[in-house]
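Take a look at the structure below.
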Amino acid sequence: MENATKLPNGERRQITIKLWPPSENTRVMLVERMTNNLSTPTIFTRKYGSLGQPEAAKYAKQIEESAFSSANQQYEQETAGDGSAAVQLYAKECSKLILEVLKGGAKPEEKEALNSEVESAPRETFFDISKGQRAFIEADEAQVLLNPLKEPGNHYTKICFSNRSFGLGAANVAGPILASIKNQLKEVDLSDFVAGRPEAEALDVMNIFSEALEGSLLKYLNISDNALGEKGVRAFGKLLRSQTSLEELYLMNDGISKEAAQAVCELVPSTDVLKVLHFHNNMTGDEGAISISEILKRCPLLEDFRCSSTRVGSEGGIALTEALAQCRNLKKLDLRDNMFGVEAGVKLSEALKKHENLTEIYLSYLNLEDDGAVAIANTLKESAPSLAVLEMAGNDITAEAAPSLAACIASKKSLVKLNLSENDLKDDGAIQISKAFGEDHVQLKEVDMSQNSLTTTARKLAQVLVHLPEFKLLNVNGNFISEEDINELRSIFKECQEKLGPLDENDPEGNDYDDKEGDDEDEGSQDELEEKLKRLDVNQEN
């Protein structure tokens, strides 16, 4: 195989890439794959019978060694060449020997019984090379690993190349193969497929895959974990522009900056049927969020939106929430770990009025404070009747917001999980939350009230929750629960200890430092006032 590289003077030099022999890692992976083919249900094992795992592993090793020997002899006889003929023979021999083993391994009566099932047997549709340790793939490995995709009449509609880092040689092997089957593909996972490659090589690889898959009618595309940035997004431009039926798009942990977000907005023009859009763990910021909001305005069928850990502040948060108001089919919303603040939280509450289908909402670490939390709780009380997950951890929520939260919780009979950890509800707030749970919360499984400066109310929560039929876990760790109350907690969960979370971070001797500091400030103010009065008296006497 030949590749051209540019010399400093602009001329191109042809570099020959040797495809033979395969690396030891490639040979091991091939044995593992053949073991799987011999021992798990496929169209051939259903026809001829499968082998047990130990026997399959033994035959797979023998098959690989025999095929390697034949192919190596072929290669040694070649006077010139890159080894591609040897690679083809290697793959062909492996396929032939697998079939021979299966044909010889099943009993005659088993064959007769299984033959009648072959026509109705499900065909293999998922091609996945992501299993095992993370590894680089070069041209020789690609020839072997991707050979099943070249088989005439294959029915693969889903491919996963994640966890394998493709070099330029491997990409040149994969490109024509993918182009030949792109019309049958529906789901493509290219997450984490250029890890450790120099930027220039990674961009070339992305361009090759993008051109190969251009014009396919995908429903699912995952290009996460590739440190794309704007250059990477544009490298996938041909693929992204050509998609008209995409239902799920994942761009997580991709270095999506404001420029990259603008590129996504530009390059994904058709979002009419998009149902899932995930942007988790990027450096999008407010300006990037504004670009993402423009995409949301074109997603009338969106059901699942994730924009967590994206450095979005108040301005970007407001833009996102206003755009989300148009996504009336939303079922799952995850905005965790951003810097929205109170104003964006109130705006979000207005948007949520229109989301009757919400079942999961993740709003932790948004700096909502009491005003934002109250606004959202009041809205959710009147909407989202099927809400199953409510998370609002780490928002500086105090007991002042507890009545609204409690009223919201009481109205959610389908609630499965509640997370209010890392707030400042204290005993006064927690006691109100505990009263919100009733016997009709029959689906509730998990409640997290850790790190809320609780003392005696942890016991109240336990008494209410332990008798609910589906309840699985109460987390009250990281509070100020006395040893006596801890013993009482364990007594309440005596018959089901697994339902009480760990208490290793609880501090029985703990104090509410905020209150103590406040008391110290009050005392200081009082002392200062008394000192001023004394001075005033002295001055009057003089």
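Quick note on naming: the chains in the structure tokens go A, B, ... in the order shown, residues restart at 1 in each chain, and ligands are numbered from 1 in order of appearance.
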Determine, counting only C-alpha atoms, which protein, DNA and RNA residues have an atom within 9 Å of an atom of Leu217 in chain A; residues of the same chain fewer than 4 positions away are not included. Present the result as a ChimeraX atom specification.
-> /A:182-186,242-246
Write the selection just made, keeping N, CA and C atoms, as a PDB file, in the first residue's frame?
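out10.pdb was written with the following content:
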ATOM      1  N   LYS A 182     -21.860   2.103   3.382  1.00  0.00           N
ATOM      2  CA  LYS A 182     -22.465   3.252   4.054  1.00  0.00           C
ATOM      3  C   LYS A 182     -23.978   3.324   3.864  1.00  0.00           C
ATOM      4  N   ASN A 183     -24.470   2.794   2.765  1.00  0.00           N
ATOM      5  CA  ASN A 183     -25.917   2.878   2.511  1.00  0.00           C
ATOM      6  C   ASN A 183     -26.732   1.956   3.412  1.00  0.00           C
ATOM      7  N   GLN A 184     -26.074   0.971   4.051  1.00  0.00           N
ATOM      8  CA  GLN A 184     -26.797   0.077   4.946  1.00  0.00           C
ATOM      9  C   GLN A 184     -26.603   0.456   6.412  1.00  0.00           C
ATOM     10  N   LEU A 185     -25.679   1.370   6.687  1.00  0.00           N
ATOM     11  CA  LEU A 185     -25.388   1.747   8.073  1.00  0.00           C
ATOM     12  C   LEU A 185     -26.448   2.695   8.635  1.00  0.00           C
ATOM     13  N   LYS A 186     -26.816   2.449   9.890  1.00  0.00           N
ATOM     14  CA  LYS A 186     -27.772   3.303  10.607  1.00  0.00           C
ATOM     15  C   LYS A 186     -27.156   3.922  11.862  1.00  0.00           C
ATOM     16  N   SER A 242     -24.238  16.123   5.416  1.00  0.00           N
ATOM     17  CA  SER A 242     -25.025  15.210   4.575  1.00  0.00           C
ATOM     18  C   SER A 242     -26.137  14.492   5.332  1.00  0.00           C
ATOM     19  N   GLN A 243     -26.190  14.673   6.657  1.00  0.00           N
ATOM     20  CA  GLN A 243     -27.157  13.912   7.447  1.00  0.00           C
ATOM     21  C   GLN A 243     -28.530  14.607   7.467  1.00  0.00           C
ATOM     22  N   THR A 244     -29.532  13.860   7.086  1.00  0.00           N
ATOM     23  CA  THR A 244     -30.902  14.398   7.059  1.00  0.00           C
ATOM     24  C   THR A 244     -31.862  13.613   7.950  1.00  0.00           C
ATOM     25  N   SER A 245     -31.399  12.474   8.493  1.00  0.00           N
ATOM     26  CA  SER A 245     -32.293  11.627   9.296  1.00  0.00           C
ATOM     27  C   SER A 245     -31.744  11.377  10.695  1.00  0.00           C
ATOM     28  N   LEU A 246     -30.781  12.183  11.113  1.00  0.00           N
ATOM     29  CA  LEU A 246     -30.108  11.938  12.392  1.00  0.00           C
ATOM     30  C   LEU A 246     -31.065  12.128  13.562  1.00  0.00           C
TER      31      LEU A 246
END
Hey, what's within 12 Å of Arg33 in chain A if we count only C-alpha atoms and toss same-chain stuff fewer than 6 positions away? As a compact mmCIF listing (two decimals) with C-alpha atoms, in the first residue's frame, please?
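Output file out-v7.txt follows:
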# COMPACT_ATOMS: atom_id res chain seq x y z
CA THR A 26 -3.56 -8.22 16.04
CA ARG A 27 -3.10 -11.97 16.13
CA SER A 39 -18.94 -20.24 20.90
CA THR A 40 -21.74 -17.67 20.63
CA ALA A 56 -13.55 -22.79 20.97
CA ALA A 57 -10.43 -21.08 22.34
CA TYR A 59 -9.60 -24.36 17.93
CA ALA A 60 -9.32 -20.57 17.43
CA LYS A 61 -5.61 -20.66 18.30
CA ILE A 63 -6.92 -21.90 13.14
CA GLU A 64 -4.95 -18.67 13.52
CA CYS A 94 -9.45 -18.15 8.99
CA SER A 95 -13.02 -17.94 7.65
CA ILE A 98 -13.88 -21.73 11.22
CA PHE A 127 -19.88 -4.87 14.27
CA ASP A 128 -17.88 -3.88 17.36
CA ILE A 129 -14.08 -3.71 17.77
CA SER A 130 -14.15 -1.65 20.99
CA LYS A 131 -13.69 -4.53 23.42
CA GLY A 132 -10.41 -5.18 25.17
CA VAL A 144 -7.73 -8.24 9.45
CA LEU A 145 -10.15 -6.66 11.93
CA LEU A 146 -12.38 -5.06 9.31
CA ASN A 147 -12.47 -8.05 6.98
CA PRO A 148 -16.02 -9.10 8.04
Step one, run DSSP on the backbone; step two, keep only residues of range 236-293 of chain A assigned to alpha helix (DSSP H); then write them as a ChimeraX atom specification.
-> /A:237-241,258-267,285-293
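If you look at CA of Lys445 in chain A and CA of Leu420 in chain A, they are 14.4 Å away from each other.
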Apply DSSP to the backbone of this structure and, from range 405-534 of chain A, keep only the residues in strand (DSSP E or B); write these as a ChimeraX atom specification.
-> /A:417-419,424,446-448,473-475,500
Leaving out Leu178 in chain A and any residue of its chain fewer than 3 positions from it, which residues lie within 7 Å of it when counting only C-alpha atoms, given as number ranges by chain?
-> A: 174-175, 181-182, 212-213
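Residues in contact with Ser491 in chain A at 12 Å, where only C-alpha atoms are counted and same-chain residues fewer than 6 positions away are skipped, are listed as Arg459, Ala462, Gln463, Val466, Glu484, Asp485, Gln497, Lys499 and Leu500 of chain A.
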Just write the chosen residues, all heavy atoms, as a PDB file, in the first residue's frame.
ATOM      1  N   ARG A 459     -33.226  10.746  61.301  1.00  0.00           N
ATOM      2  CA  ARG A 459     -34.052   9.662  61.814  1.00  0.00           C
ATOM      3  C   ARG A 459     -35.485   9.779  61.294  1.00  0.00           C
ATOM      4  O   ARG A 459     -36.109   8.778  60.944  1.00  0.00           O
ATOM      5  CB  ARG A 459     -34.039   9.710  63.348  1.00  0.00           C
ATOM      6  CG  ARG A 459     -34.751   8.535  63.998  1.00  0.00           C
ATOM      7  CD  ARG A 459     -34.585   8.534  65.506  1.00  0.00           C
ATOM      8  NE  ARG A 459     -35.342   9.621  66.132  1.00  0.00           N
ATOM      9  CZ  ARG A 459     -34.805  10.639  66.775  1.00  0.00           C
ATOM     10  NH1 ARG A 459     -33.486  10.744  66.884  1.00  0.00           N
ATOM     11  NH2 ARG A 459     -35.562  11.573  67.332  1.00  0.00           N
ATOM     12  N   ALA A 462     -35.656   8.499  57.755  1.00  0.00           N
ATOM     13  CA  ALA A 462     -35.570   7.036  57.731  1.00  0.00           C
ATOM     14  C   ALA A 462     -36.909   6.395  58.084  1.00  0.00           C
ATOM     15  O   ALA A 462     -37.338   5.429  57.431  1.00  0.00           O
ATOM     16  CB  ALA A 462     -34.488   6.566  58.694  1.00  0.00           C
ATOM     17  N   GLN A 463     -37.579   6.911  59.095  1.00  0.00           N
ATOM     18  CA  GLN A 463     -38.855   6.343  59.532  1.00  0.00           C
ATOM     19  C   GLN A 463     -39.916   6.416  58.448  1.00  0.00           C
ATOM     20  O   GLN A 463     -40.746   5.513  58.308  1.00  0.00           O
ATOM     21  CB  GLN A 463     -39.332   7.079  60.794  1.00  0.00           C
ATOM     22  CG  GLN A 463     -38.494   6.772  62.023  1.00  0.00           C
ATOM     23  CD  GLN A 463     -38.801   7.682  63.191  1.00  0.00           C
ATOM     24  OE1 GLN A 463     -39.338   8.787  63.018  1.00  0.00           O
ATOM     25  NE2 GLN A 463     -38.465   7.245  64.403  1.00  0.00           N
ATOM     26  N   VAL A 466     -38.340   3.965  55.024  1.00  0.00           N
ATOM     27  CA  VAL A 466     -38.006   2.557  55.134  1.00  0.00           C
ATOM     28  C   VAL A 466     -39.175   1.643  54.758  1.00  0.00           C
ATOM     29  O   VAL A 466     -38.964   0.507  54.306  1.00  0.00           O
ATOM     30  CB  VAL A 466     -37.509   2.232  56.558  1.00  0.00           C
ATOM     31  CG1 VAL A 466     -38.650   2.311  57.572  1.00  0.00           C
ATOM     32  CG2 VAL A 466     -36.830   0.866  56.594  1.00  0.00           C
ATOM     33  N   GLU A 484     -25.982   8.501  69.124  1.00  0.00           N
ATOM     34  CA  GLU A 484     -27.283   7.952  69.535  1.00  0.00           C
ATOM     35  C   GLU A 484     -28.234   7.859  68.352  1.00  0.00           C
ATOM     36  O   GLU A 484     -28.915   6.843  68.149  1.00  0.00           O
ATOM     37  CB  GLU A 484     -27.890   8.841  70.625  1.00  0.00           C
ATOM     38  CG  GLU A 484     -29.246   8.342  71.134  1.00  0.00           C
ATOM     39  CD  GLU A 484     -29.851   9.260  72.173  1.00  0.00           C
ATOM     40  OE1 GLU A 484     -29.146  10.199  72.633  1.00  0.00           O
ATOM     41  OE2 GLU A 484     -31.024   9.054  72.512  1.00  0.00           O
ATOM     42  N   ASP A 485     -28.269   8.915  67.524  1.00  0.00           N
ATOM     43  CA  ASP A 485     -29.161   8.899  66.364  1.00  0.00           C
ATOM     44  C   ASP A 485     -28.663   7.940  65.280  1.00  0.00           C
ATOM     45  O   ASP A 485     -29.465   7.361  64.536  1.00  0.00           O
ATOM     46  CB  ASP A 485     -29.311  10.309  65.797  1.00  0.00           C
ATOM     47  CG  ASP A 485     -30.261  11.157  66.613  1.00  0.00           C
ATOM     48  OD1 ASP A 485     -31.340  10.643  66.978  1.00  0.00           O
ATOM     49  OD2 ASP A 485     -29.939  12.324  66.903  1.00  0.00           O
ATOM     50  N   GLN A 497     -30.351  -3.533  56.063  1.00  0.00           N
ATOM     51  CA  GLN A 497     -29.212  -2.646  56.287  1.00  0.00           C
ATOM     52  C   GLN A 497     -28.649  -2.063  54.989  1.00  0.00           C
ATOM     53  O   GLN A 497     -28.061  -0.978  54.997  1.00  0.00           O
ATOM     54  CB  GLN A 497     -28.118  -3.407  57.025  1.00  0.00           C
ATOM     55  CG  GLN A 497     -28.521  -3.846  58.431  1.00  0.00           C
ATOM     56  CD  GLN A 497     -27.407  -4.598  59.136  1.00  0.00           C
ATOM     57  OE1 GLN A 497     -26.230  -4.424  58.838  1.00  0.00           O
ATOM     58  NE2 GLN A 497     -27.779  -5.446  60.078  1.00  0.00           N
ATOM     59  N   LYS A 499     -30.144  -0.690  52.732  1.00  0.00           N
ATOM     60  CA  LYS A 499     -30.879   0.513  52.323  1.00  0.00           C
ATOM     61  C   LYS A 499     -30.357   1.785  52.983  1.00  0.00           C
ATOM     62  O   LYS A 499     -30.751   2.891  52.593  1.00  0.00           O
ATOM     63  CB  LYS A 499     -32.370   0.349  52.639  1.00  0.00           C
ATOM     64  CG  LYS A 499     -33.046  -0.748  51.835  1.00  0.00           C
ATOM     65  CD  LYS A 499     -34.537  -0.828  52.140  1.00  0.00           C
ATOM     66  CE  LYS A 499     -35.201  -1.940  51.332  1.00  0.00           C
ATOM     67  NZ  LYS A 499     -36.657  -2.012  51.605  1.00  0.00           N
ATOM     68  N   LEU A 500     -29.490   1.647  53.972  1.00  0.00           N
ATOM     69  CA  LEU A 500     -28.890   2.810  54.622  1.00  0.00           C
ATOM     70  C   LEU A 500     -27.475   2.985  54.089  1.00  0.00           C
ATOM     71  O   LEU A 500     -26.635   2.095  54.204  1.00  0.00           O
ATOM     72  CB  LEU A 500     -28.853   2.625  56.138  1.00  0.00           C
ATOM     73  CG  LEU A 500     -28.202   3.765  56.946  1.00  0.00           C
ATOM     74  CD1 LEU A 500     -28.973   5.068  56.757  1.00  0.00           C
ATOM     75  CD2 LEU A 500     -28.123   3.388  58.423  1.00  0.00           C
TER      76      LEU A 500
END
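Compared by their closest atoms to Asp370 in chain A, and using only C-alpha atoms, the residues A:Leu390, A:Cys160, A:Leu99, A:Leu425 rank with A:Leu425 nearest.
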Quick one: residues within 12 Å of range 488-490 of chain A, only C-alpha atoms counted, chain neighbours fewer than 4 positions away excluded, as an MDAnalysis selection string?
-> chainID A and resid 455:466 474:477 481:484 494:503
